[in-house]
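Text of coords-v9.pdb (PDB, C-alpha atoms) as supplied:
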```
ATOM      1  CA  MET X   1      46.484 131.629  63.298
ATOM      2  CA  ALA X   2      42.708 132.020  63.436
ATOM      3  CA  PRO X   3      40.941 133.258  66.586
ATOM      4  CA  THR X   4      38.583 130.928  68.438
ATOM      5  CA  GLY X   5      35.222 131.200  70.143
ATOM      6  CA  GLY X   6      33.800 133.809  67.773
ATOM      7  CA  ARG X   7      31.633 133.769  64.682
ATOM      8  CA  GLU X   8      32.056 135.002  61.106
ATOM      9  CA  GLU X   9      29.363 137.471  60.021
ATOM     10  CA  THR X  10      27.271 136.746  56.910
ATOM     11  CA  ASN X  11      25.043 139.155  55.017
ATOM     12  CA  GLN X  12      22.846 138.290  52.063
ATOM     13  CA  LEU X  13      21.171 139.734  48.992
ATOM     14  CA  GLU X  14      18.110 137.822  47.787
ATOM     15  CA  ILE X  15      16.897 138.414  44.220
ATOM     16  CA  LEU X  16      13.089 138.488  44.165
ATOM     17  CA  THR X  17      12.027 139.345  40.623
ATOM     18  CA  GLY X  18      13.523 139.470  37.140
ATOM     19  CA  ALA X  19      13.483 142.201  34.500
ATOM     20  CA  ASN X  20      10.540 143.223  32.314
ATOM     21  CA  LYS X  21      12.530 145.796  30.312
ATOM     22  CA  ASP X  22      16.112 146.718  29.447
ATOM     23  CA  GLY X  23      17.948 148.979  31.851
ATOM     24  CA  ARG X  24      20.292 149.232  34.788
ATOM     25  CA  ILE X  25      20.181 148.139  38.386
ATOM     26  CA  LYS X  26      22.583 149.044  41.192
ATOM     27  CA  VAL X  27      23.683 147.160  44.290
ATOM     28  CA  VAL X  28      25.066 149.351  47.070
ATOM     29  CA  PHE X  29      27.238 147.609  49.665
ATOM     30  CA  ASP X  30      28.436 149.575  52.693
ATOM     31  CA  ASP X  31      30.163 148.149  55.782
ATOM     32  CA  GLY X  32      31.107 151.514  57.274
ATOM     33  CA  GLN X  33      34.607 151.443  55.788
ATOM     34  CA  THR X  34      34.126 150.070  52.287
ATOM     35  CA  ARG X  35      31.329 151.295  50.021
ATOM     36  CA  LYS X  36      30.776 149.758  46.604
ATOM     37  CA  ASP X  37      28.230 150.957  44.027
ATOM     38  CA  ILE X  38      27.862 148.048  41.608
ATOM     39  CA  VAL X  39      25.907 148.914  38.457
ATOM     40  CA  GLN X  40      24.682 146.057  36.257
ATOM     41  CA  SER X  41      22.861 146.195  32.910
ATOM     42  CA  VAL X  42      19.914 143.822  32.499
ATOM     43  CA  LYS X  43      17.670 142.917  29.579
ATOM     44  CA  MET X  44      13.944 142.404  29.239
ATOM     45  CA  ASN X  45      12.896 138.887  30.256
ATOM     46  CA  ASP X  46      16.076 138.246  32.285
ATOM     47  CA  SER X  47      14.768 135.909  34.978
ATOM     48  CA  ASP X  48      15.459 136.296  38.680
ATOM     49  CA  SER X  49      17.947 133.419  38.318
ATOM     50  CA  ALA X  50      19.732 135.190  35.457
ATOM     51  CA  ILE X  51      19.925 138.380  37.536
ATOM     52  CA  PHE X  52      21.354 136.340  40.414
ATOM     53  CA  PHE X  53      24.234 135.026  38.300
ATOM     54  CA  GLN X  54      24.991 138.452  36.805
ATOM     55  CA  LEU X  55      25.090 140.125  40.213
ATOM     56  CA  TYR X  56      27.021 137.258  41.783
ATOM     57  CA  ASP X  57      29.866 137.741  39.298
ATOM     58  CA  ALA X  58      29.833 141.535  39.695
ATOM     59  CA  ILE X  59      29.767 141.419  43.507
ATOM     60  CA  TYR X  60      32.521 138.798  43.579
ATOM     61  CA  GLN X  61      34.827 140.978  41.491
ATOM     62  CA  GLU X  62      34.237 144.019  43.701
ATOM     63  CA  LEU X  63      34.384 142.400  47.147
ATOM     64  CA  LYS X  64      36.583 139.296  46.806
ATOM     65  CA  PHE X  65      39.588 141.000  48.429
ATOM     66  CA  ASP X  66      37.630 141.593  51.635
ATOM     67  CA  TYR X  67      34.878 138.980  51.732
ATOM     68  CA  ASP X  68      34.144 135.394  50.720
ATOM     69  CA  ILE X  69      31.273 135.360  48.236
ATOM     70  CA  THR X  70      28.982 132.337  47.944
ATOM     71  CA  GLY X  71      25.530 131.723  46.558
ATOM     72  CA  SER X  72      22.572 129.363  46.775
ATOM     73  CA  GLY X  73      19.291 129.460  44.900
ATOM     74  CA  LYS X  74      18.706 133.151  44.224
ATOM     75  CA  THR X  75      20.604 134.448  47.266
ATOM     76  CA  ILE X  76      24.132 135.878  47.297
ATOM     77  CA  TYR X  77      25.988 135.515  50.596
ATOM     78  CA  ILE X  78      28.741 137.953  51.583
ATOM     79  CA  ASN X  79      30.811 136.287  54.277
ATOM     80  CA  GLU X  80      33.361 137.883  56.587
ATOM     81  CA  PRO X  81      36.359 135.470  56.581
ATOM     82  CA  THR X  82      37.401 136.229  60.165
ATOM     83  CA  GLN X  83      35.790 136.188  63.594
ATOM     84  CA  GLU X  84      35.180 139.901  64.110
ATOM     85  CA  ALA X  85      32.676 142.010  66.008
ATOM     86  CA  ASP X  86      29.373 142.453  64.192
ATOM     87  CA  LYS X  87      29.363 145.244  61.605
ATOM     88  CA  ASP X  88      26.519 147.535  60.603
ATOM     89  CA  ILE X  89      26.448 146.373  56.975
ATOM     90  CA  THR X  90      23.813 147.544  54.517
ATOM     91  CA  ILE X  91      23.067 145.996  51.120
ATOM     92  CA  THR X  92      20.453 147.542  48.866
ATOM     93  CA  LEU X  93      19.306 146.902  45.310
ATOM     94  CA  GLU X  94      18.170 149.974  43.375
ATOM     95  CA  ASP X  95      16.214 149.755  40.119
ATOM     96  CA  LEU X  96      17.690 152.703  38.216
ATOM     97  CA  ASP X  97      15.558 152.378  35.066
ATOM     98  CA  ALA X  98      12.314 150.785  36.280
ATOM     99  CA  THR X  99      13.336 147.354  34.949
ATOM    100  CA  GLY X 100      11.157 145.523  37.444
ATOM    101  CA  VAL X 101      14.093 143.871  39.210
ATOM    102  CA  THR X 102      13.737 143.706  42.973
ATOM    103  CA  GLY X 103      15.876 142.287  45.742
ATOM    104  CA  VAL X 104      16.393 142.661  49.462
ATOM    105  CA  GLY X 105      19.550 142.691  51.571
ATOM    106  CA  SER X 106      19.723 141.551  55.182
ATOM    107  CA  GLU X 107      21.995 140.103  57.844
ATOM    108  CA  TRP X 108      21.916 136.322  57.832
ATOM    109  CA  ARG X 109      24.284 135.687  60.757
ATOM    110  CA  LYS X 110      25.731 138.114  63.286
ATOM    111  CA  GLY X 111      29.485 138.303  63.726
ATOM    112  CA  ALA X 112      31.221 137.901  67.068
ATOM    113  CA  ALA X 113      34.861 138.595  67.859
ATOM    114  CA  GLY X 114      36.969 135.595  68.778
ATOM    115  CA  THR X 115      39.946 135.474  71.087
ATOM    116  CA  GLY X 116      43.563 134.991  70.151
ATOM    117  CA  GLY X 117      44.539 134.803  66.533
ATOM    118  CA  VAL X 118      47.595 136.259  64.823
ATOM    119  CA  ALA X 119      47.889 137.569  61.275
ATOM    120  CA  GLU X 120      50.292 135.439  59.260
ATOM    121  CA  VAL X 121      53.535 137.124  58.146
ATOM    122  CA  ASN X 122      55.885 135.909  55.409
ATOM    123  CA  GLU X 123      59.143 137.542  54.316
ATOM    124  CA  LEU X 124      61.340 137.616  51.256
ATOM    125  CA  GLU X 125      64.908 138.780  51.892
ATOM    126  CA  ILE X 126      67.145 139.808  49.004
ATOM    127  CA  THR X 127      70.650 138.549  49.722
ATOM    128  CA  GLU X 128      72.376 139.180  46.379
ATOM    129  CA  ALA X 129      72.543 142.197  44.084
ATOM    130  CA  GLY X 130      74.565 143.557  41.180
ATOM    131  CA  SER X 131      74.522 140.417  39.020
ATOM    132  CA  GLY X 132      73.971 142.075  35.657
ATOM    133  CA  SER X 133      70.816 143.123  33.834
ATOM    134  CA  ARG X 134      68.013 140.562  34.031
ATOM    135  CA  ASP X 135      64.371 139.991  34.854
ATOM    136  CA  LEU X 136      63.312 138.574  38.198
ATOM    137  CA  SER X 137      60.040 136.677  38.510
ATOM    138  CA  VAL X 138      58.722 136.344  42.053
ATOM    139  CA  ASN X 139      55.915 133.870  42.675
ATOM    140  CA  PHE X 140      53.680 134.008  45.757
ATOM    141  CA  THR X 141      51.339 131.064  46.291
ATOM    142  CA  ASP X 142      49.386 129.311  49.014
ATOM    143  CA  GLY X 143      49.335 126.094  46.996
ATOM    144  CA  ASN X 144      45.632 126.582  46.353
ATOM    145  CA  TYR X 145      43.782 129.378  44.531
ATOM    146  CA  LEU X 146      46.261 132.158  45.344
ATOM    147  CA  ASN X 147      49.042 132.073  42.783
ATOM    148  CA  GLU X 148      50.469 135.410  41.630
ATOM    149  CA  THR X 149      53.730 136.303  39.909
ATOM    150  CA  ALA X 150      55.344 139.741  39.801
ATOM    151  CA  THR X 151      58.186 140.477  37.389
ATOM    152  CA  VAL X 152      60.778 143.239  37.723
ATOM    153  CA  THR X 153      63.544 144.302  35.357
ATOM    154  CA  LEU X 154      66.965 144.937  36.899
ATOM    155  CA  GLN X 155      69.808 146.938  35.376
ATOM    156  CA  GLY X 156      72.449 145.218  37.476
ATOM    157  CA  THR X 157      73.355 148.288  39.512
ATOM    158  CA  GLU X 158      70.611 148.058  42.148
ATOM    159  CA  THR X 159      71.323 147.403  45.806
ATOM    160  CA  SER X 160      69.479 144.656  47.667
ATOM    161  CA  ALA X 161      67.198 147.274  49.209
ATOM    162  CA  GLU X 162      66.385 148.743  45.801
ATOM    163  CA  ILE X 163      65.531 145.293  44.438
ATOM    164  CA  ALA X 164      63.244 144.655  47.400
ATOM    165  CA  ASP X 165      61.515 147.972  46.754
ATOM    166  CA  LYS X 166      60.967 147.089  43.081
ATOM    167  CA  ILE X 167      59.508 143.704  43.984
ATOM    168  CA  ALA X 168      57.110 145.236  46.507
ATOM    169  CA  SER X 169      55.981 147.846  43.972
ATOM    170  CA  ALA X 170      55.376 145.168  41.346
ATOM    171  CA  PHE X 171      53.158 143.170  43.705
ATOM    172  CA  GLN X 172      51.273 146.290  44.781
ATOM    173  CA  ALA X 173      50.526 147.066  41.119
ATOM    174  CA  LEU X 174      48.862 143.692  40.481
ATOM    175  CA  ASN X 175      45.114 143.394  39.899
ATOM    176  CA  ASN X 176      44.732 146.940  38.626
ATOM    177  CA  GLY X 177      46.476 148.410  41.634
ATOM    178  CA  LYS X 178      44.612 146.346  44.242
ATOM    179  CA  GLY X 179      47.766 144.392  44.947
ATOM    180  CA  LEU X 180      48.112 140.850  46.193
ATOM    181  CA  PHE X 181      44.979 139.092  47.416
ATOM    182  CA  ARG X 182      44.472 139.829  51.129
ATOM    183  CA  GLN X 183      48.110 140.735  51.713
ATOM    184  CA  ASN X 184      49.609 143.991  52.975
ATOM    185  CA  ILE X 185      53.048 144.467  51.422
ATOM    186  CA  THR X 186      55.786 146.532  53.070
ATOM    187  CA  VAL X 187      59.530 146.973  52.648
ATOM    188  CA  SER X 188      62.269 147.372  55.211
ATOM    189  CA  GLY X 189      65.807 147.407  53.874
ATOM    190  CA  ALA X 190      66.297 144.296  51.776
ATOM    191  CA  LYS X 191      63.193 142.545  53.155
ATOM    192  CA  VAL X 192      59.747 142.428  51.571
ATOM    193  CA  THR X 193      57.100 141.565  54.160
ATOM    194  CA  PHE X 194      53.715 140.069  53.296
ATOM    195  CA  THR X 195      51.185 140.382  56.136
ATOM    196  CA  SER X 196      47.757 138.792  55.869
ATOM    197  CA  THR X 197      44.924 141.323  56.120
ATOM    198  CA  LYS X 198      42.676 138.595  57.547
ATOM    199  CA  THR X 199      43.324 136.646  60.733
ATOM    200  CA  VAL X 200      42.614 133.164  59.438
ATOM    201  CA  ALA X 201      44.147 129.707  59.786
ATOM    202  CA  ASP X 202      47.809 129.513  58.819
ATOM    203  CA  GLN X 203      48.369 129.131  55.081
ATOM    204  CA  ASN X 204      51.029 127.118  53.297
ATOM    205  CA  ILE X 205      52.695 130.128  51.660
ATOM    206  CA  THR X 206      55.739 129.739  49.423
ATOM    207  CA  ILE X 207      57.679 132.559  47.770
ATOM    208  CA  THR X 208      60.106 131.698  44.986
ATOM    209  CA  VAL X 209      62.409 133.874  42.901
ATOM    210  CA  THR X 210      63.448 132.987  39.363
ATOM    211  CA  SER X 211      66.051 134.874  37.346
ATOM    212  CA  ASN X 212      65.469 135.129  33.593
TER     213      ASN X 212
END
```

Kindly return the structure encoded in the file as structure tokens.
Amino acid sequence: MAPTGGREETNQLEILTGANKDGRIKVVFDDGQTRKDIVQSVKMNDSDSAIFFQLYDAIYQELKFDYDITGSGKTIYINEPTQEADKDITITLEDLDATGVTGVGSEWRKGAAGTGGVAEVNELEITEAGSGSRDLSVNFTDGNYLNETATVTLQGTETSAEIADKIASAFQALNNGKGLFRQNITVSGAKVTFTSTKTVADQNITITVTSN
């Protein structure tokens, strides 16, 4: 459940000029907990619009687990999904090879903590074990853009708790070790618990298990 009465913070990076030679540029994002150094190669005559699209894709890939990324014109917006107290976020664009690319980062809207709000929790409990060797496919979806499947191989000798542990490990290994999008995954006995890392409106989460 999302909090109320607050405001989601938004920071922006505006691209001002394009490139007049080949080289590299770097965007540094730092919110006090997460720092990302995003290096992007550019080519001579890349316009400011072309630089915008290149950096938008790169920033999205690096920050999508923590922030909502949007864009308009030649400005990239980095949006905090939840109503939290304002952060001291810095965004800078460094021209590593004198390519001529310039840009400026700034706060577009201050964040303010809301009241109430509870992180959503979903559970998967393993109730059967020891059914022979097989693969289990576990799908986690919100019915929208989040749709991930983790597959584990069972020997048929595992306990329910051991199966739960394998499933949790498989989800944590997704996305090059980043895990499941905005979910903290823990195990207790035969239960796998998925806790949202963002306090947002309740999602329509479904978890299904298929035996192959």

Contacts of Lys74 in chain X within 7 Å, all atoms listed in the file, excl. fewer than 2 positions in-chain, as a ChimeraX atom specification:
/X:14-15,49,52,72,76

Expand the PyMOL selection byres ((chain X and resi 184-189) around 8) into the individual residues it matches in the shown file, reporting them as a VMD selection string.
chain X and resid 160 to 161 164 to 165 168 171 to 172 180 182 to 183 190 to 197

Contacts of Gly18 in chain X at 7 Å or less, counting all atoms listed in the file, minus same-chain residues fewer than 3 places along, as a list in words?
Asn45, Asp46, Ser47, Asp48, Ile51, Gly100 and Val101 of chain X

Counting all atoms listed in the file, closest pick from X:Asp30, X:Glu107, X:Asp97, X:Glu162 relative to Asn79 in chain X is X:Glu107

Would you mind listing what lies within 6 Å of range 141-157 of chain X as a CSV table (one decimal) with C-alpha atoms, keeping the file's coordinate frame, with all atoms listed in the file counted and same-chain residues fewer than 4 positions away left out?
```csv
chain,number,residue,atom,x,y,z
X,130,GLY,CA,74.6,143.6,41.2
X,131,SER,CA,74.5,140.4,39.0
X,132,GLY,CA,74.0,142.1,35.7
X,133,SER,CA,70.8,143.1,33.8
X,134,ARG,CA,68.0,140.6,34.0
X,135,ASP,CA,64.4,140.0,34.9
X,136,LEU,CA,63.3,138.6,38.2
X,137,SER,CA,60.0,136.7,38.5
X,170,ALA,CA,55.4,145.2,41.3
X,171,PHE,CA,53.2,143.2,43.7
X,204,ASN,CA,51.0,127.1,53.3
X,205,ILE,CA,52.7,130.1,51.7
X,206,THR,CA,55.7,129.7,49.4
```

Coordinates-based distance that separates CA of Glu128 in chain X from CA of Glu158 in chain X (Å, one decimal)
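It comes out at 10.0 Å.
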
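When the PyMOL selection byres ((chain X and resi 5) around 10) is evaluated against the file, it yields X:Pro3, X:Thr4, X:Gly6, X:Arg7, X:Gln83, X:Ala112, X:Ala113, X:Gly114, X:Thr115, X:Gly116.
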
Report the distance between CA of Phe181 in chain X and CA of Phe65 in chain X in Å, rounded to one decimal place.
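Pair CA of Phe181 in chain X / CA of Phe65 in chain X returns 5.8 Å.
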
Please write the residues picked by the PyMOL selection byres ((chain X and resi 70) around 12) on this file as a PyMOL selection string.
chain X and resi 10-13+52-53+55-57+59-60+63-64+67-69+71-81

Could you model N, CA, C and O atoms for range 141-166 of chain X and present them as a PDB file, in the frame of the given file?
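Okay, this is what ended up in selection-v8.pdb:
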```
ATOM      1  N   THR X 141      52.460 131.995  46.383  1.00  0.00           N
ATOM      2  CA  THR X 141      51.339 131.064  46.291  1.00  0.00           C
ATOM      3  C   THR X 141      51.051 130.421  47.640  1.00  0.00           C
ATOM      4  O   THR X 141      51.947 130.262  48.472  1.00  0.00           O
ATOM      5  N   ASP X 142      49.772 130.074  47.820  1.00  0.00           N
ATOM      6  CA  ASP X 142      49.386 129.311  49.014  1.00  0.00           C
ATOM      7  C   ASP X 142      49.155 127.848  48.666  1.00  0.00           C
ATOM      8  O   ASP X 142      48.654 127.074  49.489  1.00  0.00           O
ATOM      9  N   GLY X 143      49.512 127.475  47.425  1.00  0.00           N
ATOM     10  CA  GLY X 143      49.335 126.094  46.996  1.00  0.00           C
ATOM     11  C   GLY X 143      47.912 125.760  46.636  1.00  0.00           C
ATOM     12  O   GLY X 143      47.591 124.613  46.300  1.00  0.00           O
ATOM     13  N   ASN X 144      47.044 126.803  46.655  1.00  0.00           N
ATOM     14  CA  ASN X 144      45.632 126.582  46.353  1.00  0.00           C
ATOM     15  C   ASN X 144      45.214 127.556  45.259  1.00  0.00           C
ATOM     16  O   ASN X 144      45.746 127.528  44.160  1.00  0.00           O
ATOM     17  N   TYR X 145      44.276 128.462  45.552  1.00  0.00           N
ATOM     18  CA  TYR X 145      43.782 129.378  44.531  1.00  0.00           C
ATOM     19  C   TYR X 145      44.635 130.644  44.395  1.00  0.00           C
ATOM     20  O   TYR X 145      44.565 131.334  43.384  1.00  0.00           O
ATOM     21  N   LEU X 146      45.427 130.962  45.407  1.00  0.00           N
ATOM     22  CA  LEU X 146      46.261 132.158  45.344  1.00  0.00           C
ATOM     23  C   LEU X 146      47.603 131.822  44.709  1.00  0.00           C
ATOM     24  O   LEU X 146      48.406 131.075  45.278  1.00  0.00           O
ATOM     25  N   ASN X 147      47.811 132.363  43.513  1.00  0.00           N
ATOM     26  CA  ASN X 147      49.042 132.073  42.783  1.00  0.00           C
ATOM     27  C   ASN X 147      49.338 133.266  41.885  1.00  0.00           C
ATOM     28  O   ASN X 147      48.792 133.381  40.790  1.00  0.00           O
ATOM     29  N   GLU X 148      50.179 134.166  42.354  1.00  0.00           N
ATOM     30  CA  GLU X 148      50.469 135.410  41.630  1.00  0.00           C
ATOM     31  C   GLU X 148      51.967 135.542  41.399  1.00  0.00           C
ATOM     32  O   GLU X 148      52.773 135.206  42.269  1.00  0.00           O
ATOM     33  N   THR X 149      52.327 136.079  40.241  1.00  0.00           N
ATOM     34  CA  THR X 149      53.730 136.303  39.909  1.00  0.00           C
ATOM     35  C   THR X 149      53.944 137.760  39.529  1.00  0.00           C
ATOM     36  O   THR X 149      53.195 138.310  38.706  1.00  0.00           O
ATOM     37  N   ALA X 150      54.940 138.378  40.134  1.00  0.00           N
ATOM     38  CA  ALA X 150      55.344 139.741  39.801  1.00  0.00           C
ATOM     39  C   ALA X 150      56.729 139.697  39.164  1.00  0.00           C
ATOM     40  O   ALA X 150      57.607 138.962  39.630  1.00  0.00           O
ATOM     41  N   THR X 151      56.905 140.469  38.105  1.00  0.00           N
ATOM     42  CA  THR X 151      58.186 140.477  37.389  1.00  0.00           C
ATOM     43  C   THR X 151      58.779 141.877  37.413  1.00  0.00           C
ATOM     44  O   THR X 151      58.084 142.868  37.180  1.00  0.00           O
ATOM     45  N   VAL X 152      60.069 141.955  37.717  1.00  0.00           N
ATOM     46  CA  VAL X 152      60.778 143.239  37.723  1.00  0.00           C
ATOM     47  C   VAL X 152      62.006 143.130  36.829  1.00  0.00           C
ATOM     48  O   VAL X 152      62.605 142.063  36.695  1.00  0.00           O
ATOM     49  N   THR X 153      62.355 144.237  36.213  1.00  0.00           N
ATOM     50  CA  THR X 153      63.544 144.302  35.357  1.00  0.00           C
ATOM     51  C   THR X 153      64.656 145.020  36.107  1.00  0.00           C
ATOM     52  O   THR X 153      64.461 146.127  36.621  1.00  0.00           O
ATOM     53  N   LEU X 154      65.815 144.377  36.189  1.00  0.00           N
ATOM     54  CA  LEU X 154      66.965 144.937  36.899  1.00  0.00           C
ATOM     55  C   LEU X 154      68.046 145.343  35.903  1.00  0.00           C
ATOM     56  O   LEU X 154      68.275 144.665  34.900  1.00  0.00           O
ATOM     57  N   GLN X 155      68.710 146.457  36.214  1.00  0.00           N
ATOM     58  CA  GLN X 155      69.808 146.938  35.376  1.00  0.00           C
ATOM     59  C   GLN X 155      71.150 146.352  35.785  1.00  0.00           C
ATOM     60  O   GLN X 155      72.133 146.443  35.041  1.00  0.00           O
ATOM     61  N   GLY X 156      71.207 145.790  36.979  1.00  0.00           N
ATOM     62  CA  GLY X 156      72.449 145.218  37.476  1.00  0.00           C
ATOM     63  C   GLY X 156      73.202 146.121  38.418  1.00  0.00           C
ATOM     64  O   GLY X 156      74.251 145.737  38.953  1.00  0.00           O
ATOM     65  N   THR X 157      72.676 147.330  38.621  1.00  0.00           N
ATOM     66  CA  THR X 157      73.355 148.288  39.512  1.00  0.00           C
ATOM     67  C   THR X 157      72.603 148.483  40.834  1.00  0.00           C
ATOM     68  O   THR X 157      73.064 149.227  41.702  1.00  0.00           O
ATOM     69  N   GLU X 158      71.443 147.846  40.965  1.00  0.00           N
ATOM     70  CA  GLU X 158      70.611 148.058  42.148  1.00  0.00           C
ATOM     71  C   GLU X 158      71.210 147.391  43.391  1.00  0.00           C
ATOM     72  O   GLU X 158      71.846 146.340  43.308  1.00  0.00           O
ATOM     73  N   THR X 159      70.980 148.020  44.519  1.00  0.00           N
ATOM     74  CA  THR X 159      71.323 147.403  45.806  1.00  0.00           C
ATOM     75  C   THR X 159      70.232 146.392  46.182  1.00  0.00           C
ATOM     76  O   THR X 159      69.151 146.364  45.569  1.00  0.00           O
ATOM     77  N   SER X 160      70.492 145.603  47.197  1.00  0.00           N
ATOM     78  CA  SER X 160      69.479 144.656  47.667  1.00  0.00           C
ATOM     79  C   SER X 160      68.207 145.371  48.098  1.00  0.00           C
ATOM     80  O   SER X 160      67.094 144.907  47.830  1.00  0.00           O
ATOM     81  N   ALA X 161      68.367 146.507  48.761  1.00  0.00           N
ATOM     82  CA  ALA X 161      67.198 147.274  49.209  1.00  0.00           C
ATOM     83  C   ALA X 161      66.397 147.805  48.021  1.00  0.00           C
ATOM     84  O   ALA X 161      65.162 147.817  48.048  1.00  0.00           O
ATOM     85  N   GLU X 162      67.083 148.232  46.981  1.00  0.00           N
ATOM     86  CA  GLU X 162      66.385 148.743  45.801  1.00  0.00           C
ATOM     87  C   GLU X 162      65.638 147.624  45.065  1.00  0.00           C
ATOM     88  O   GLU X 162      64.539 147.834  44.540  1.00  0.00           O
ATOM     89  N   ILE X 163      66.215 146.442  45.044  1.00  0.00           N
ATOM     90  CA  ILE X 163      65.531 145.293  44.438  1.00  0.00           C
ATOM     91  C   ILE X 163      64.275 144.948  45.231  1.00  0.00           C
ATOM     92  O   ILE X 163      63.206 144.698  44.663  1.00  0.00           O
ATOM     93  N   ALA X 164      64.404 144.936  46.547  1.00  0.00           N
ATOM     94  CA  ALA X 164      63.244 144.655  47.400  1.00  0.00           C
ATOM     95  C   ALA X 164      62.136 145.662  47.151  1.00  0.00           C
ATOM     96  O   ALA X 164      60.952 145.303  47.073  1.00  0.00           O
ATOM     97  N   ASP X 165      62.507 146.927  47.002  1.00  0.00           N
ATOM     98  CA  ASP X 165      61.515 147.972  46.754  1.00  0.00           C
ATOM     99  C   ASP X 165      60.814 147.757  45.412  1.00  0.00           C
ATOM    100  O   ASP X 165      59.598 147.928  45.289  1.00  0.00           O
ATOM    101  N   LYS X 166      61.564 147.352  44.395  1.00  0.00           N
ATOM    102  CA  LYS X 166      60.967 147.089  43.081  1.00  0.00           C
ATOM    103  C   LYS X 166      60.001 145.908  43.137  1.00  0.00           C
ATOM    104  O   LYS X 166      58.930 145.944  42.524  1.00  0.00           O
TER     105      LYS X 166
END
```
